Each structure stands twice: as structure tokens, then as C-alpha cells.
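Student: Please find work_12.txt (compact mmCIF, C-alpha atoms and all ligand atoms) on the next line:
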# COMPACT_ATOMS: atom_id res chain seq x y z
CA MET A 149 -34.47 -8.78 1.45
CA SER A 150 -31.29 -10.85 1.73
CA TYR A 151 -28.45 -10.94 -0.78
CA LEU A 152 -25.57 -13.34 -1.23
CA VAL A 153 -22.17 -11.70 -0.89
CA LEU A 154 -18.82 -13.37 -1.43
CA THR A 155 -15.68 -12.40 0.42
CA GLU A 156 -12.37 -14.17 0.09
CA THR A 157 -11.65 -14.55 3.81
CA GLN A 158 -13.80 -14.71 6.87
CA LEU A 159 -14.69 -11.13 7.77
CA PRO A 160 -13.85 -9.88 11.27
CA PRO A 161 -16.76 -9.96 13.76
CA GLN A 162 -16.97 -6.15 13.70
CA MET A 163 -17.75 -6.21 9.98
CA MET A 164 -20.20 -9.08 10.32
CA GLU A 165 -22.01 -7.05 12.96
CA MET A 166 -22.14 -4.03 10.66
CA ILE A 167 -23.59 -6.21 7.89
CA GLY A 168 -26.21 -7.64 10.25
CA ASP A 169 -28.86 -9.52 8.35
CA VAL A 170 -28.66 -7.40 5.21
CA CYS A 171 -26.97 -10.24 3.36
CA ARG A 172 -25.67 -13.76 3.60
CA VAL A 173 -21.87 -13.84 3.49
CA VAL A 174 -20.05 -16.79 1.96
CA VAL A 175 -16.28 -17.24 1.75
CA TRP A 176 -14.99 -17.29 -1.80
CA GLN A 177 -12.78 -20.25 -2.68
CA GLY A 178 -11.54 -18.79 -5.95
CA MET A 179 -12.63 -20.77 -8.99
CA GLU A 180 -13.28 -23.72 -6.66
CA THR A 181 -16.32 -21.92 -5.24
CA ASP A 182 -19.55 -23.86 -5.69
CA PRO A 183 -20.91 -22.71 -9.11
CA ALA A 184 -24.39 -22.42 -7.62
CA LEU A 185 -23.11 -19.86 -5.11
CA LEU A 186 -21.23 -18.00 -7.84
CA SER A 187 -24.29 -17.64 -9.99
CA GLU A 188 -26.33 -16.50 -7.00
CA ALA A 189 -23.82 -13.91 -5.76
CA GLU A 190 -25.00 -10.33 -6.00
CA GLY A 191 -22.12 -8.68 -4.19
CA PHE A 192 -18.40 -9.19 -3.77
CA LEU A 193 -16.58 -7.67 -0.83
CA THR A 194 -12.84 -7.70 -1.52
CA TYR A 195 -11.19 -7.89 1.88
CA GLY A 196 -7.53 -8.43 1.05
CA HIS A 197 -6.50 -8.47 -2.58
CA PRO A 198 -8.09 -11.30 -4.57
CA HIS A 199 -7.76 -10.87 -8.31
CA ILE A 200 -11.20 -10.14 -9.78
CA GLY A 201 -11.05 -10.01 -13.56
CA PRO A 202 -13.39 -10.76 -16.45
CA ILE A 203 -13.27 -14.54 -15.93
CA GLU A 204 -14.32 -14.24 -12.29
CA MET A 205 -16.99 -11.65 -13.14
CA ASP A 206 -18.47 -13.83 -15.88
CA ARG A 207 -18.90 -16.65 -13.41
CA MET A 208 -21.06 -14.31 -11.31
CA PRO A 209 -23.79 -13.16 -13.72
CA ASN A 210 -25.87 -11.56 -10.94
CA LEU A 211 -23.03 -9.50 -9.52
CA ARG A 212 -24.03 -5.87 -9.11
CA ILE A 213 -21.50 -4.46 -6.68
CA ILE A 214 -17.82 -4.98 -5.92
CA SER A 215 -16.99 -3.21 -2.69
CA ASN A 216 -13.29 -2.99 -1.94
CA PHE A 217 -11.94 -2.68 1.58
CA GLY A 218 -9.12 -0.20 0.89
CA VAL A 219 -8.34 2.48 -1.64
CA GLY A 220 -6.01 0.61 -4.04
CA VAL A 221 -7.97 -1.38 -6.61
CA ASP A 222 -5.13 -2.77 -8.74
CA HIS A 223 -6.40 -6.29 -8.08
CA ILE A 224 -9.77 -5.52 -9.69
CA ASP A 225 -10.12 -5.15 -13.45
CA LEU A 226 -12.02 -1.85 -13.49
CA HIS A 227 -12.46 -1.88 -17.24
CA ALA A 228 -14.07 -5.33 -17.13
CA ALA A 229 -16.36 -4.15 -14.32
CA GLN A 230 -17.37 -1.07 -16.30
CA GLU A 231 -18.09 -3.16 -19.39
CA ARG A 232 -20.42 -5.33 -17.32
CA GLY A 233 -22.05 -2.36 -15.59
CA ILE A 234 -20.80 -3.47 -12.15
CA PRO A 235 -20.01 -0.48 -9.91
CA VAL A 236 -16.81 -0.73 -7.87
CA GLY A 237 -16.56 1.06 -4.52
CA ASN A 238 -13.46 1.77 -2.44
CA THR A 239 -12.53 3.75 0.67
CA PRO A 240 -10.68 6.94 -0.35
CA GLY A 241 -9.95 9.39 2.43
CA PHE A 242 -10.08 6.76 5.14
CA VAL A 243 -6.54 5.41 4.79
CA ASP A 244 -4.56 8.59 4.10
CA GLY A 245 -3.54 9.65 7.61
CA ALA A 246 -2.62 6.19 8.84
CA THR A 247 -0.67 5.39 5.67
CA ALA A 248 1.23 8.66 5.91
CA ASP A 249 2.01 7.93 9.57
CA MET A 250 3.34 4.52 8.58
CA THR A 251 5.41 6.04 5.77
CA PHE A 252 7.05 8.20 8.40
CA ALA A 253 7.38 5.35 10.88
CA LEU A 254 9.28 3.26 8.33
CA LEU A 255 11.32 6.25 7.15
CA MET A 256 12.47 6.90 10.70
CA ALA A 257 12.96 3.23 11.49
CA ILE A 258 15.26 2.66 8.53
CA GLY A 259 17.09 5.99 8.86
CA ARG A 260 17.75 5.54 12.57
CA ASN A 261 18.40 1.76 12.72
CA ILE A 262 15.44 1.11 14.99
CA VAL A 263 14.78 -2.49 13.97
CA ILE A 264 18.40 -3.58 13.86
CA GLY A 265 18.98 -1.71 17.14
CA ASP A 266 16.05 -3.49 18.76
CA HIS A 267 17.47 -6.88 17.74
CA TYR A 268 20.88 -5.93 19.05
CA ALA A 269 19.54 -4.56 22.36
CA ARG A 270 17.73 -7.87 23.00
CA SER A 271 20.68 -10.05 22.00
CA PRO A 272 23.43 -11.49 24.23
CA GLU A 273 25.92 -9.32 22.26
CA PHE A 274 24.70 -6.16 23.98
CA THR A 275 26.88 -6.23 27.06
CA ARG A 276 28.18 -2.67 27.12
CA TYR A 277 26.92 0.67 25.80
CA ASP A 278 29.06 1.78 22.88
CA PRO A 279 28.58 5.27 21.40
CA SER A 280 30.29 4.28 18.19
CA ILE A 281 27.70 1.81 16.95
CA LEU A 282 24.67 2.05 14.68
CA HIS A 283 25.03 5.62 13.52
CA GLY A 284 22.08 6.43 11.34
CA TYR A 285 21.20 9.38 9.16
CA GLU A 286 19.36 12.53 10.19
CA ILE A 287 15.77 12.99 9.32
CA HIS A 288 15.30 16.65 10.26
CA GLY A 289 16.76 18.88 7.59
CA ALA A 290 17.08 16.01 5.09
CA THR A 291 15.61 16.06 1.60
CA LEU A 292 12.48 13.99 1.09
CA GLY A 293 11.35 12.88 -2.36
CA ILE A 294 7.70 11.86 -2.49
CA ILE A 295 6.61 9.90 -5.56
CA GLY A 296 2.85 10.22 -5.87
CA MET A 297 1.46 13.53 -4.60
CA GLY A 298 -2.09 12.36 -4.03
CA ALA A 299 -3.99 12.41 -0.76
CA ILE A 300 -1.43 10.20 1.03
CA GLY A 301 1.59 11.97 -0.48
CA LYS A 302 0.24 15.31 0.73
CA GLN A 303 -0.10 14.01 4.27
CA VAL A 304 3.45 12.66 4.14
CA ALA A 305 4.59 16.14 3.09
CA ARG A 306 2.75 17.70 6.04
CA ARG A 307 4.56 15.43 8.45
CA ALA A 308 7.87 16.17 6.73
CA SER A 309 7.46 19.92 7.16
CA GLY A 310 7.33 19.35 10.92
CA PHE A 311 10.79 17.82 10.57
CA ASP A 312 12.08 20.80 8.58
CA MET A 313 12.67 18.62 5.56
CA LYS A 314 13.15 19.95 2.07
CA ILE A 315 10.28 18.37 0.13
CA LEU A 316 10.49 17.34 -3.52
CA TYR A 317 7.77 15.42 -5.27
CA HIS A 318 7.15 13.67 -8.53
CA ASN A 319 3.73 13.00 -9.94
CA ARG A 320 2.13 12.21 -13.31
CA LYS A 321 1.67 15.95 -13.59
CA PRO A 322 2.66 18.82 -11.29
CA ASN A 323 0.13 19.54 -8.55
CA PRO A 324 0.30 23.33 -7.89
CA GLU A 325 -2.41 23.08 -5.25
CA ALA A 326 -0.35 20.62 -3.23
CA GLU A 327 2.76 22.74 -3.76
CA ALA A 328 1.03 25.74 -2.21
CA GLU A 329 -0.55 23.68 0.53
CA VAL A 330 2.44 21.70 1.74
CA GLY A 331 5.45 23.59 0.39
CA ALA A 332 6.68 20.84 -1.92
CA THR A 333 8.63 21.41 -5.14
CA TYR A 334 8.01 19.42 -8.31
CA ALA A 335 11.01 17.50 -9.67
CA THR A 336 11.52 15.17 -12.59
CA LEU A 337 12.01 11.59 -11.50
CA PRO A 338 15.79 11.58 -12.16
CA ASP A 339 16.23 14.89 -10.27
CA LEU A 340 14.20 13.69 -7.32
CA LEU A 341 16.13 10.41 -7.14
CA ALA A 342 19.47 12.18 -7.38
CA GLN A 343 18.69 14.67 -4.62
CA ALA A 344 16.53 12.89 -2.05
CA ASP A 345 17.87 11.37 1.16
CA TYR A 346 14.57 9.53 1.59
CA VAL A 347 12.39 8.50 -1.34
CA THR A 348 8.85 7.52 -0.42
CA LEU A 349 6.57 5.68 -2.83
CA ASN A 350 2.97 6.75 -2.32
CA MET A 351 1.44 6.29 -5.77
CA PRO A 352 -1.18 3.77 -6.91
CA LEU A 353 -0.12 0.70 -8.89
CA THR A 354 -1.22 1.22 -12.49
CA PRO A 355 0.20 0.02 -15.82
CA GLU A 356 2.23 3.28 -15.86
CA THR A 357 3.72 2.87 -12.38
CA ARG A 358 4.44 -0.90 -12.58
CA LYS A 359 8.19 -1.35 -12.01
CA MET A 360 8.64 2.42 -12.13
CA ILE A 361 11.57 1.97 -9.75
CA GLY A 362 13.94 -0.32 -11.59
CA ARG A 363 17.66 -0.66 -12.13
CA GLU A 364 18.06 2.68 -13.89
CA GLN A 365 16.17 4.57 -11.17
CA LEU A 366 17.92 2.84 -8.27
CA ARG A 367 21.26 3.73 -9.83
CA GLN A 368 20.25 7.39 -9.73
CA MET A 369 19.77 7.37 -5.96
CA LYS A 370 22.44 8.55 -3.53
CA PRO A 371 24.44 5.77 -1.85
CA THR A 372 23.30 7.27 1.46
CA ALA A 373 19.62 7.38 0.55
CA PHE A 374 16.71 5.17 1.58
CA LEU A 375 13.71 3.89 -0.35
CA ILE A 376 10.40 3.56 1.52
CA ASN A 377 7.53 1.77 -0.23
CA LEU A 378 3.99 2.22 1.03
CA ALA A 379 2.40 1.89 -2.41
CA ARG A 380 2.36 -1.64 -3.87
CA GLY A 381 5.20 -4.11 -4.31
CA GLY A 382 4.65 -3.99 -8.07
CA VAL A 383 5.97 -0.42 -8.39
CA VAL A 384 9.49 -1.66 -7.58
CA ASP A 385 11.53 -4.21 -9.52
CA HIS A 386 12.58 -6.44 -6.63
CA ASP A 387 15.44 -8.12 -8.51
CA ALA A 388 16.88 -4.71 -9.27
CA LEU A 389 16.41 -3.70 -5.62
CA VAL A 390 18.35 -6.74 -4.40
CA GLU A 391 21.16 -5.91 -6.81
CA ALA A 392 21.12 -2.23 -5.82
CA LEU A 393 21.29 -3.00 -2.09
CA ASN A 394 24.05 -5.56 -2.58
CA GLU A 395 26.03 -3.11 -4.70
CA GLY A 396 25.47 -0.17 -2.33
CA TRP A 397 23.65 2.01 -4.87
CA LEU A 398 21.44 3.09 -1.95
CA ALA A 399 21.75 2.67 1.82
CA GLY A 400 18.62 0.69 2.58
CA ALA A 401 14.94 0.10 1.98
CA ALA A 402 11.82 -0.13 4.10
CA LEU A 403 8.97 -2.00 2.48
CA ASP A 404 5.43 -2.19 3.75
CA VAL A 405 4.39 -3.94 0.55
CA THR A 406 6.02 -6.51 -1.71
CA GLU A 407 5.17 -8.51 -4.80
CA PRO A 408 4.34 -11.25 -4.23
CA GLU A 409 2.96 -10.59 -0.79
CA PRO A 410 4.32 -12.27 1.24
CA LEU A 411 7.68 -12.82 -0.43
CA PRO A 412 8.87 -16.43 -0.65
CA ARG A 413 10.54 -17.23 2.68
CA ASP A 414 13.94 -17.63 1.01
CA HIS A 415 13.80 -14.30 -0.84
CA PRO A 416 17.14 -12.42 -0.54
CA LEU A 417 15.42 -9.23 0.71
CA LEU A 418 14.36 -11.08 3.85
CA SER A 419 17.93 -11.67 4.98
CA MET A 420 19.34 -8.20 4.32
CA SER A 421 20.16 -6.17 7.40
CA ASN A 422 19.61 -2.86 5.59
CA VAL A 423 16.01 -3.76 4.79
CA ILE A 424 12.91 -3.48 6.95
CA ILE A 425 9.80 -5.35 5.88
CA ALA A 426 6.36 -4.85 7.38
CA PRO A 427 3.38 -7.10 6.57
CA HIS A 428 1.34 -4.41 4.76
CA LEU A 429 0.44 -2.38 7.84
CA GLY A 430 0.00 1.00 6.09
CA SER A 431 -3.56 1.58 7.19
CA ALA A 432 -3.69 -0.94 10.02
CA THR A 433 -4.87 1.13 12.96
CA ARG A 434 -8.00 0.42 14.94
CA GLN A 435 -9.56 3.77 14.01
CA THR A 436 -8.78 3.55 10.30
CA ARG A 437 -9.89 -0.06 10.00
CA THR A 438 -13.25 0.86 11.58
CA GLY A 439 -13.76 3.71 9.11
CA MET A 440 -12.76 1.51 6.17
CA ALA A 441 -15.09 -1.25 7.32
CA GLN A 442 -18.05 1.11 7.59
CA ARG A 443 -17.45 2.66 4.18
CA THR A 444 -16.96 -0.75 2.54
CA ILE A 445 -20.25 -1.97 3.95
CA ASP A 446 -22.09 1.26 3.14
CA ASN A 447 -20.89 0.95 -0.47
CA LEU A 448 -21.85 -2.73 -0.53
CA VAL A 449 -25.36 -2.13 0.77
CA ALA A 450 -25.90 0.84 -1.56
CA GLY A 451 -24.81 -1.31 -4.52
CA LEU A 452 -27.05 -4.19 -3.50
CA HIS A 453 -29.99 -1.79 -3.28
CA GLY A 454 -29.12 -0.28 -6.66
CA GLN A 455 -28.33 3.09 -5.06
CA PRO A 456 -25.34 5.38 -5.79
CA LEU A 457 -22.20 4.36 -3.89
CA LEU A 458 -20.70 6.71 -1.31
CA SER A 459 -17.33 6.39 -2.99
CA ARG A 460 -17.20 4.85 -6.41
CA VAL A 461 -13.96 4.27 -8.26
CA ALA A 462 -15.48 2.78 -11.44
C1 LIG A 501 -5.44 -1.83 2.99
C2 LIG A 501 -4.23 -0.57 1.15
O1 LIG A 501 -5.10 -2.30 4.23
O2 LIG A 501 -6.07 0.92 1.01
C3 LIG A 501 -5.20 0.30 0.43
O3 LIG A 501 -5.06 0.37 -0.81
O4 LIG A 501 -3.28 -0.96 0.62
C4 LIG A 501 -4.32 -0.94 2.56
O5 LIG A 501 -4.25 0.19 3.33
C5 LIG A 501 -5.74 -2.95 2.11
O6 LIG A 501 -6.18 -2.60 0.84
C6 LIG A 501 -6.75 -3.91 2.74
O7 LIG A 501 -6.62 -5.09 2.16
Kindly return the structure encoded in the file as C-alpha cells.
Ligand code: 8YV
Tutor:
Amino acid sequence: MSYLVLTETQLPPQMMEMIGDVCRVVVWQGMETDPALLSEAEGFLTYGHPHIGPIEMDRMPNLRIISNFGVGVDHIDLHAAQERGIPVGNTPGFVDGATADMTFALLMAIGRNIVIGDHYARSPEFTRYDPSILHGYEIHGATLGIIGMGAIGKQVARRASGFDMKILYHNRKPNPEAEAEVGATYATLPDLLAQADYVTLNMPLTPETRKMIGREQLRQMKPTAFLINLARGGVVDHDALVEALNEGWLAGAALDVTEPEPLPRDHPLLSMSNVIIAPHLGSATRQTRTGMAQRTIDNLVAGLHGQPLLSRVA
């Protein structure tokens, strides 16, 4: 049996191979998609972050599975999917290690001036070694504040203990299991922001976390502290962040995610030397991408066959 599945970009050959001839894959053109294809579609594979809400779902009356490549599902209206009886699958567990590695990579890069140093070392200005330039901040022994002590946050904490960091965390509710497991201490958001040298954002984007880091929170950070966002751009108020960096309320920021993504090319954050921006590389390793691809397709096929998903988020 063959099913029609929509996906908003061409899938990589590896995923097409995994799909084989289980289904026909058609690229989604948003609301411009041929209505005949929309009404025929039985599956939707979200590869990237297209918004799939009630309007989109109602145009696809035969839809019986949304399989998301990735763990964050803020671009999918889960409530609308539930109301229509459409299961939504995602890939929990597959992205945690790589995203925690990248949290640390950006933390170290911003703390130790790696990107700015790289630009300088390649430039004509680097004519003589000078020990007085580009002094960063120490990572070992520093205080880390993790916001979002879920699976990724825990892995960030594990890496931090190898650097002898003092680990604070903030979460919707304290997580005693994680405290015992990784030696982290719960703090209120203001306490964490006031004490941390590095604040990492590792929570999902939900109505509660949208713009959780705004003017008031950025003002509470130390002028020597760094903000590292591996969550979603929407958890930070970018206007407030620009103001905070200009005013020196914090020392710098490293952002793997932004809202919108990408930022407009003339956005002030793009020209700030105390900011690092990565193009959403959190889970972008060969190994992790392969695992994510397999789970996304396994969920898709299970949904098409009306079987329970391997990992179902709604
Ligand atoms: C993915 C992510 O690369 O899993 C997530 O939620 O943000 C990323 O690691 C992304 O979702 C794929 O589009």
C-alpha cells in the first residue's frame, strides 16, 4: 500500500532511502499546495519548522499522522491535532547529547572569544602575538545556571561537572531526581540570573516560556555573565537583548536559535561583536541526524499503518 506524505522541503537522500516505497513524498508549498494533494495526504513529515495549525489540518481531511523530525513541537498546534484525532510523533532522546554538546561548545566559544579570535587570527591585523588581548572568562569553577532541567539540561549539567562548575537550575518545578543525579541546586529565576556566570536556555518553547528572558530578567544578570540559547528564539525578547548588550547588562550572548530564524540580515544582533550566532546546529551531527531520521520515519510509518507511534507527543 502506498500513502501520500507531505514534507515542506525535499528530504535528504538518506531519508528517502529509509522511506523506500512505503509512501509517495510530495513537497508542501504551504497553502499554495495543490488542493487535490492536500485532500489526499495521509501523513505530514515536518522536516524544519513549518507551522501546522487547525487551518492547515482542515485542508488535509485524510491526515492521520504528523511525524516531526526533532523534539520541539512548538510549530505544531498539538491541541488542534488532538481534537482531530491526529497523532503527533517526535524524536525525544535522540537530540539530547548533541544539543548538550553544542550548548557547551557555544558556552566555551563565547566565554573564551573563540569566534572573534578566529576572525582576528585570519585578519591582516594579526601581525604580532600580544598576551594582553582577548582575555575571556574562565569556565572551570564558574557558576552555571541551566534554565530547563529536562533531558538536555541534565546532559548539560553532566558536562559542567567535568569542568568543576557550580550548577544551579531553574525549572517549572524542582527536579529532585536530577539534583541527585547531576549535583545541581534549584534556584528561583531571579536568584539563578543574579548568580550565574553562564546562563543556558534548554527549555521547550511553550506559552509559559515565550519571552521568559526579557528586560527584567536580563537586568538581573551579572555584567560579566553570558547567555547561551539552545532552546528556541521565542524564549528571549530579542529587542530587550539588543538593549541589554548595548547597555552592558551582560557580557555577551551565544544563540543557536533566533526568532525569526534566520534574523533579518540587518538585525542589530548580527553586527555585535559580543554575540555568536549559529544557524540552529544544536542537534546537527551525522550520528544524531541519522537517529532522528530513523525515528521520524518509524513514527510516520506506524501512524500510516494505524499502529502506536514509537514516541508520541500528542
Ligand atoms: C532539530 C531541534 O534540528 O529537536 C529539536 O527540537 O530544535 C533541532 O535539534 C530541528 O527540530 C530539526 O528541524
Student: Throw together the list of residues within 6 Å of ligand LIG 501 (chain A), counting all atoms listed in the file, and drop it here as a ChimeraX atom specification.
Tutor: /A:195-197,217-220,243,430-431
Student: List the spatial neighbours of Arg358 of chain A as a ChimeraX atom specification - criterion: any atom at most 10 Å away, only C-alpha atoms, same-chain residues fewer than 3 positions off excluded.
Tutor: /A:352-355,361-362,380-385
Student: Write out as a tab-separated table a residue-level contact list of segment 221-273 of chain A versus segment 297-319 of chain A with cut-off 12 Å: for each qualifying residue the closest pair of atoms and the distance in Å to one decimal, counting all atoms listed in the file, rows sorted by chain and residue number upward.
Tutor:
residue	atom	partner	partner_atom	distance
A:Pro240	CA	A:Ala299	CA	8.7
A:Gly241	CA	A:Ala299	CA	7.4
A:Phe242	CA	A:Ile300	CA	10.2
A:Val243	CA	A:Ile300	CA	7.9
A:Asp244	CA	A:Ile300	CA	4.7
A:Gly245	CA	A:Gln303	CA	6.5
A:Ala246	CA	A:Ile300	CA	8.9
A:Thr247	CA	A:Ile300	CA	6.7
A:Ala248	CA	A:Val304	CA	4.9
A:Asp249	CA	A:Val304	CA	7.3
A:Met250	CA	A:Val304	CA	9.3
A:Thr251	CA	A:Val304	CA	7.1
A:Phe252	CA	A:Val304	CA	7.1
A:Ala253	CA	A:Val304	CA	10.7
A:Leu254	CA	A:Val304	CA	11.8
A:Leu255	CA	A:Ala308	CA	10.5
A:Met256	CA	A:Phe311	CA	11.0
Student: Store the residues picked out above in a file with C-alpha atoms, as a PDB file, in the coordinates of the input.
Tutor:
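Written output follows (result03.pdb):
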ATOM      1  CA  PRO A 240     -10.680   6.940  -0.350  1.00  0.00           C
ATOM      2  CA  GLY A 241      -9.950   9.390   2.430  1.00  0.00           C
ATOM      3  CA  PHE A 242     -10.080   6.760   5.140  1.00  0.00           C
ATOM      4  CA  VAL A 243      -6.540   5.410   4.790  1.00  0.00           C
ATOM      5  CA  ASP A 244      -4.560   8.590   4.100  1.00  0.00           C
ATOM      6  CA  GLY A 245      -3.540   9.650   7.610  1.00  0.00           C
ATOM      7  CA  ALA A 246      -2.620   6.190   8.840  1.00  0.00           C
ATOM      8  CA  THR A 247      -0.670   5.390   5.670  1.00  0.00           C
ATOM      9  CA  ALA A 248       1.230   8.660   5.910  1.00  0.00           C
ATOM     10  CA  ASP A 249       2.010   7.930   9.570  1.00  0.00           C
ATOM     11  CA  MET A 250       3.340   4.520   8.580  1.00  0.00           C
ATOM     12  CA  THR A 251       5.410   6.040   5.770  1.00  0.00           C
ATOM     13  CA  PHE A 252       7.050   8.200   8.400  1.00  0.00           C
ATOM     14  CA  ALA A 253       7.380   5.350  10.880  1.00  0.00           C
ATOM     15  CA  LEU A 254       9.280   3.260   8.330  1.00  0.00           C
ATOM     16  CA  LEU A 255      11.320   6.250   7.150  1.00  0.00           C
ATOM     17  CA  MET A 256      12.470   6.900  10.700  1.00  0.00           C
TER      18      MET A 256
END
Student: Report, in Å to a single decimal, how far apart atom CA of Gly400 of chain A and atom CA of Pro272 of chain A are.
Tutor: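 Separation of atom CA of Pro272 of chain A and atom CA of Gly400 of chain A: 25.3 Å.
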Student: Let me make sure I understand: among A:His223, A:Leu186, A:Ser215, A:Asn261, which one has the smallest atom-to-atom distance to Ile200 of chain A if we use all atoms listed in the file?
Tutor: A:His223
Student: Which residues of segment 212-263 of chain A come within 9 Å of segment 452-462 of chain A, and for each one, what is the closest pair of atoms and their distance in Å to one decimal, counting only C-alpha atoms, sorted by chain and residue number, as CSV?
Tutor:
residue,atom,partner,partner_atom,distance
A:Arg212,CA,A:Leu452,CA,6.6
A:Ile213,CA,A:Leu452,CA,6.4
A:Ser215,CA,A:Arg460,CA,8.9
A:Val219,CA,A:Val461,CA,8.9
A:Val221,CA,A:Val461,CA,8.4
A:Leu226,CA,A:Ala462,CA,6.1
A:His227,CA,A:Ala462,CA,8.0
A:Ala229,CA,A:Ala462,CA,7.6
A:Gln230,CA,A:Ala462,CA,6.5
A:Ile234,CA,A:Ala462,CA,8.2
A:Pro235,CA,A:Ala462,CA,5.8
A:Val236,CA,A:Ala462,CA,5.2
A:Gly237,CA,A:Arg460,CA,4.3
A:Asn238,CA,A:Ser459,CA,6.1
A:Thr239,CA,A:Ser459,CA,6.6
A:Pro240,CA,A:Ser459,CA,7.2
Student: Show me, as a list in words, the residues that have an atom within 12 Å of Cys171 of chain A when counting all atoms listed in the file, minus same-chain residues fewer than 5 positions from it.
Tutor: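 Non-adjacent residues within range: Met149, Ser150, Tyr151, Leu152, Val153, Leu154, Thr155, Met164, Glu165, Met166, Ala189, Glu190, Gly191, Phe192, Leu193, Ile445, Leu448, Val449, Leu452 and His453 of chain A.
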Student: Measuring atom to atom with all atoms listed in the file, identify which of A:Ala441, A:Ala328, A:Leu375, A:Ile295 is nearest to Ala399 of chain A.
Tutor: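 Smallest distance to Ala399 of chain A is found for A:Leu375.
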Student: What separation in Å, quoted to one decimal, exists between atom CA of Val405 of chain A and atom CA of Glu204 of chain A?
Tutor: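 So the two atoms, atom CA of Val405 of chain A and atom CA of Glu204 of chain A, lie 24.9 Å apart.
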Student: What gap, in Å, lies between atom CA of Ile287 of chain A and atom CA of Gly396 of chain A?
Tutor: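 Atom CA of Gly396 of chain A lies at a distance of 20.1 Å from atom CA of Ile287 of chain A.
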Student: From the set A:Val173, A:Ile258, A:Leu378, A:Ala290, which residue has the shortest atom-to-atom contact distance to Ala401 of chain A, counting all atoms listed in the file?
Tutor: A:Ile258
Student: Skipping near chain neighbours, those fewer than 2 positions away, what residues fall within 7 Å of segment 338-348 of chain A using all atoms listed in the file, listed as a PyMOL selection string?
Tutor: chain A and resi 290-295+316-317+335-336+350+368-370+372-377
